[in-house]
Structure formats: structure tokens, C-alpha cells
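Take a look at the structure below.
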Amino acid sequence: MMSNVTLSVNLCNIPLANPTILASGILGTTRELLKRVAENGAGAVTIKSISTEPREGHKNPTVITFEAGMLNAVGYSNPGVDAAAREFTKLQDINAPVIASVIGTRKEDFSRVVEGLSEAKFSAIEIPLSCPHTPGFGLLAGQGTPDATFAITSEVRRVTKLPIFVKLSPNIPEICTIAKAAEDAGANAITAVNSMGPGMIINIDAQKPILSFKVGGVTGDALRPIAVRCVYDLYKAIKIPIIGVGGISTGRHAIEMMMAGASAIGIGSGVYYRGIEVFKLVCGEMTQWMHENGFNNIHDIVGIAHG
Amino acid sequence: MVEQPTMVKICDILEESPGVKTFFFQNNLPFVPGQFIMVWIPTLDEKPFTISYIQKDIAAISVLKRGEFTHALHKKRTGDLMGIRGPYGRGFDLQTGLNPCIVGGGIGMASLATVIDSLPDVTIVQGARSASEIIYQKRFPMMKLCTDDGSIGFKGTTVDLLKELLKTQTFDKVYTCGPERMMYKVVELCKNHEIDCAVSLDRYMKCGFGVCGQCDCSGQRVCIEGPVFTSAELSRMEDFGKITILKTGERAILYKH
């Protein structure tokens, strides 16, 4: 009955069976988990961000939730580029394109990690320049400015032919200026957005912030309207495609994000709300909504909230 | 539901052995044996602990003094607060009417204690390095003990003792928790005797609710699909008994770290 509806998208010449992408930082620690997420219907999957050296990240608690979302300060724990290159092999056995997320403090760190992962069959490189809670990285390293974004994106462009996705913060009012800097430096897509904040939750009985880093990035439902607005603004400002991320856990959320202008959508905290099956569930709900509303092709809803 | 610690008052402390203390707290949450909670000491850290006592309105964790966090916990007194969130994970599937054997190594005994409380007529094997590390002796006086140095009970490992027992009797199911190398050998031994096992795994954990990917074991999230796995499931998990994942996310050979 719903066989006419197609969810497949072409994102920077990467064919995706559907527009749902596992967002970086959720479940992307091992090849086996990526495989499982792909088996649960994700159109593409993103690994947890990799730096040049191993990092233990912040102490626990690192991830908690609240009434309207999640608060995390994991602190970019990752095994470093050498161990990551050993972990993420045989990616062709994963039933979805795999995106490498690469972080660094200096711009040369980014290119070193990209080169270190070049043997693996990644389909794209994502560079988050927007983490709000890890000293030395993202916003806390001043990477959320047009100049830094241009410089880092250019450096990554120099060392890879793979599509580059630049992941931006929702915190910055001039998000479109930063996106244009990324576009000018050769980025192929913008991932919008990273977590917002940072925020803080205090346990009043302990009289202390819960996260060990005290503050953390806010994601989930609370982030969604802000992410949708960012994507809406970006759609008017840039020519390259947008991957909309922020609080998507249902098919209706995904369609909303695509109507704002996203060509594909990321799912992160949705794994908490609905389990690892969230990708399958979202696709089923999108298909049903499209069927009921006379849409056959997912392309036809991208940006239709404009005008 | 919100995944945040709730501060609970420690209402009693029991010294189980020179290295192990049990901390009791008021609790109304429904726990299944084998499930765990994340225990928070504000500004210090948060770690997973299995529930070792389930009584009406009261639960407890048994804690081996091992690192900075457990040293800090051992300094807590009755009336002090600690944060807890959970319960998390899939506990033991308790089948009554069977003839089960419990095999606990070291502090692994803590996650089996509530299984023993829930099942009638169980055979219990507890192993430790020496007599001073044996716990719950008064709680389960019928335990069969073994120690590496022979200072109490059978001299040898739990696997050796289980092998001895299987010469004269059989079991329908084995519940085990302890060092992973021990559990791996228990599962291998039971495979030869066609006995199903339920095995509680331990991995470094962060979120506890299945999103961070830290506690992966061959694509299974130990915090949510586990910590208890069956022999059949473990036979598809190549990392079991071999590989763990460090705080950094790097794979490591078990027991080198």
C-alpha cells in the first residue's frame, strides 16, 4: 500500500537508503555497534569523534537526562587515531555509509586524524567545531568563529577528497556566517546542530551539579525548535545540503526538520527515547505520513516550509 | 522518567570481610536480581554496582575496596548520603523448579546473592583467593567454599570445584558472576555438560541506559541488553572472556589492564 513512497536520498553523492543518520557521540564507539545501528534501519552512521591521542574524557556522571532532553559532558573520550584505525575496518560489511567524526585542537590535528583514518572506507568526514563542554576543542578552543571554521575546513579539504560535513553550534547568532565560511572553504554539507548550552543541573539534596564537569551540552526535545530554526535560516543562506540534528525521535520531527530545509536528519538522544530501533520507527512514521499526505518522494518535502 | 541520581541515606553498614562492606538504604524501586544502579559520590565519580540485598523497602550494595571511588564509599557512615540512579539492565531470568548451581568468584558473589534469596534449594559455590576474602558466610551457611591458597574449603578455583561436583551430580542451570576469565571457563565446562548458564558481565560504564556505547561487548550494550547474558547469547559474542573496552574506548585484552 505504501510502496510508492521512497525515502532514499543522495547526500553529497552518497546514496542513503533513508535520511536518518546516527549522530556522532551516540553508540558510535565500535564497529559492531555501528553495524547494529545500521541493521536497525539507519541510512548512515557516524562514529564517536576521534582525536590524535587517546582521551579518557570527563569522569562520571557524563550523561544524564531531564524532563525535556539530555545533558552530557562526556569530554570526547576516544581511543585516538591509531586505535580507531584498527577498530573501524571492513566498513563495507556495515549496511550503511559510515561517517568519520574528527576533532582536534590545532588545525593540523584534524588533518593528521583524517590522514590516519584514510585507509578505512569512510564515506565522509564530519568536523564538529562546536562542542560546548570540552577544553581544547570546539567552542572552548575558539573554533566556532568564521575564521577558525574557514582555516580548519580548508586544512581538512587539503588532505581528503571525501565529502566534508561541518557541524555547527546553535549557540552562535551568526550561524549562517560560519556556515558560509565552511562552504567557502570547501565543505560539502553543514550538520546543524551540535548540543546547545552548556547547561547545568544541580541536585539540591547533594547541593552540587550532577555532571562531573558541572556543565554539559543540551540535546533532545529542548533543542529541537532551536535546531529547526537554525536549519531554516541556513537553508536560505547556503547552497550546500544541511543535515538537521536536534531532538528528532519521531517521523513527524524528521519531516519537520526536512521541511525547514534539511536533506537528511541526525538522530542521537532519540536512541534514549525510543531505543536502538528508533531509525526503523522514524522511517516507518515518515513513510506513513508521506503516504497519507500524497508525497511519494522525500525530496519533495525538503524546504517546503519556506515561501 | 529522568535519569538523574537521587540522594539516599545509608541506613546500615555491614562489614562482610576486611575488604567488603555492604551499604543499606531505604528503597521502593522494584529490582530484579542481577540489575545494577549507578552510585554517585558528588564531585568525585559515579560507578555501577549490582544490588546485593532486596528486602521490603530496603536494598543494598556490597562494595569491594579497590580504587579511589570505593575507598571513598568505604569511609561513608550510617546517615551519610549517596546518590543512586536506576535500576538498570536486564537481570537474571529466574527459573524455579530447576536444580541450579550458583558460582561466584570474589565480589561477583554480590550480584548472585539476590538470586540465592529468590530460589529454593540452590547449590552455592563461592571462590576467593583466601579465607579472608570470603563473604556472606553467615547469610548463606550452606555455601561450598574454595580458595586459591586452601585457607578455607576446597583448595582450587570455582571451576575446579564445579568440575568435582559435576562428577557426582548434575545441574539444570548455572548462574555465575566473577572475574570474566573464571566465567568463561565456567561456561566452557557447562557447555561440555550441556548446562545452560546465566552470566553477569562487567564493563566500564557511563550512561547506564544504552546511549553512550562505552560498555559494548560484541555489539551488545552490557548496560541494557545485559549485564546478564545466556550461554547461547555469549556464544555469539566473540569479545566475551577476551576483550574489554577501556575508558578511552580502546579495545584491550582482558586481564592485562
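Chains: A, B, ... in order of the C-alpha cells. Residues: from 1 per chain. Ligands: from 1, in order shown.
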Kindly provide, as a PyMOL selection string, the residues of chain A having any atom no farther than 8 Å from an atom of chain B, counting only C-alpha atoms.
chain A and resi 25-33+35-36+54-57+59-67+77-79+83-84+203+205-206+208-210+212+269+271-272+275
Can you list, as a PDB file with C-alpha atoms, in the first residue's frame, all residues belonging to range 134-212 of chain B that DSSP tags as strand (DSSP E or B)?
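Wrote it out as part27.pdb, contents follow:
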```pdb
ATOM      1  CA  LYS B 144      30.628 -24.694  49.337  1.00  0.00           C
ATOM      2  CA  LEU B 145      33.822 -22.673  49.573  1.00  0.00           C
ATOM      3  CA  CYS B 146      37.063 -22.802  47.683  1.00  0.00           C
ATOM      4  CA  THR B 147      40.216 -20.714  47.914  1.00  0.00           C
ATOM      5  CA  PHE B 154      38.444 -26.768  48.753  1.00  0.00           C
ATOM      6  CA  LYS B 155      41.902 -25.746  47.523  1.00  0.00           C
ATOM      7  CA  LYS B 173      21.292 -24.197  35.224  1.00  0.00           C
ATOM      8  CA  VAL B 174      24.365 -22.338  36.432  1.00  0.00           C
ATOM      9  CA  TYR B 175      24.240 -18.688  37.500  1.00  0.00           C
ATOM     10  CA  THR B 176      27.681 -17.112  37.589  1.00  0.00           C
ATOM     11  CA  CYS B 177      29.412 -13.833  38.315  1.00  0.00           C
ATOM     12  CA  ASP B 196      22.714 -23.517  30.440  1.00  0.00           C
ATOM     13  CA  CYS B 197      24.459 -20.598  32.110  1.00  0.00           C
ATOM     14  CA  ALA B 198      23.364 -17.107  33.061  1.00  0.00           C
ATOM     15  CA  VAL B 199      26.420 -14.880  33.247  1.00  0.00           C
ATOM     16  CA  SER B 200      26.680 -11.360  34.628  1.00  0.00           C
TER      17      SER B 200
END
```
Which residues are near Gln143 in chain A? Cut-off 6 Å, only C-alpha atoms, ignore same chain within fewer than 5 positions. Put them as a list in words.
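My reading of the contact set: Leu129, Gly138 and Ala148 of chain A.
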Would you write out those residues with C-alpha atoms, as an mmCIF file, in the first residue's frame?
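part-v6.cif was written with the following content:
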```
data_model
loop_
_atom_site.group_PDB
_atom_site.id
_atom_site.type_symbol
_atom_site.label_atom_id
_atom_site.label_comp_id
_atom_site.auth_asym_id
_atom_site.auth_seq_id
_atom_site.Cartn_x
_atom_site.Cartn_y
_atom_site.Cartn_z
ATOM 1 C CA LEU A 129 33.720 22.773 15.562
ATOM 2 C CA GLY A 138 35.133 23.196 19.693
ATOM 3 C CA ALA A 148 38.701 29.310 12.531
#
```
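Straight-line separation from CA of His193 in chain B to CA of Arg90 in chain B: 25.8 Å.
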So, with only C-alpha atoms as the atoms that count, which of B:Cys223, B:Leu94, B:Ala59, B:Ile135 lies closest to Pro18 in chain B?
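Counting only C-alpha atoms, the residue closest to Pro18 in chain B is B:Ile135.
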What is the CA of Arg129 in chain B to CA of Asp149 in chain B distance in Å?
6.4 Å
When distances are computed from only C-alpha atoms, which of A:Ala42, A:Cys131, A:Val5, A:Val231 shows the smallest separation from Ala17 in chain A?
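For Ala17 in chain A, the nearest of the candidates is A:Ala42.
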One-decimal distance in Å that lies between CA of Gly226 in chain B and CA of Glu68 in chain B:
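CA of Glu68 in chain B sits 25.9 Å away from CA of Gly226 in chain B.
Once Phe279 in chain A and its same-chain neighbours fewer than 2 positions away are set aside, Asn18, Pro19, Thr20, Ile21, Leu22, Val37, Ala38, Glu39, Asn40, Gly41, Ala42, Gly43, Ser249, Thr250, Gly251, Gly266, Ile267, Gly270, Val271, Arg274, Gly275, Ile276, Glu277, Leu281, Val282, Cys283, Gly284 and Glu285 of chain A remain within 10 Å of it when counting only C-alpha atoms.
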Just to be explicit: take each residue in the selection above, keep C-alpha atoms, and write the result as an mmCIF file, in the first residue's frame.
```
data_model
loop_
_atom_site.group_PDB
_atom_site.id
_atom_site.type_symbol
_atom_site.label_atom_id
_atom_site.label_comp_id
_atom_site.auth_asym_id
_atom_site.auth_seq_id
_atom_site.Cartn_x
_atom_site.Cartn_y
_atom_site.Cartn_z
ATOM 1 C CA ASN A 18 16.737 6.769 4.027
ATOM 2 C CA PRO A 19 17.591 10.176 5.507
ATOM 3 C CA THR A 20 18.194 9.040 9.122
ATOM 4 C CA ILE A 21 21.791 9.250 10.308
ATOM 5 C CA LEU A 22 23.188 8.121 13.656
ATOM 6 C CA VAL A 37 22.525 0.585 14.302
ATOM 7 C CA ALA A 38 22.625 0.053 10.528
ATOM 8 C CA GLU A 39 20.698 -3.205 10.985
ATOM 9 C CA ASN A 40 18.126 -1.169 12.880
ATOM 10 C CA GLY A 41 17.458 0.976 9.863
ATOM 11 C CA ALA A 42 19.829 3.950 9.942
ATOM 12 C CA GLY A 43 20.523 5.403 6.493
ATOM 13 C CA SER A 249 12.789 10.996 17.729
ATOM 14 C CA THR A 250 9.655 10.610 15.582
ATOM 15 C CA GLY A 251 8.780 10.646 11.895
ATOM 16 C CA GLY A 266 20.603 13.049 12.545
ATOM 17 C CA ILE A 267 19.283 11.052 15.487
ATOM 18 C CA GLY A 270 16.229 9.638 20.083
ATOM 19 C CA VAL A 271 18.036 6.365 20.844
ATOM 20 C CA ARG A 274 12.780 5.032 21.676
ATOM 21 C CA GLY A 275 15.642 2.543 21.745
ATOM 22 C CA ILE A 276 18.057 1.432 19.074
ATOM 23 C CA GLU A 277 15.035 0.745 16.816
ATOM 24 C CA LEU A 281 10.407 3.602 13.691
ATOM 25 C CA VAL A 282 11.123 7.091 12.340
ATOM 26 C CA CYS A 283 11.311 5.794 8.757
ATOM 27 C CA GLY A 284 8.036 3.920 9.161
ATOM 28 C CA GLU A 285 6.340 7.012 10.512
#
```
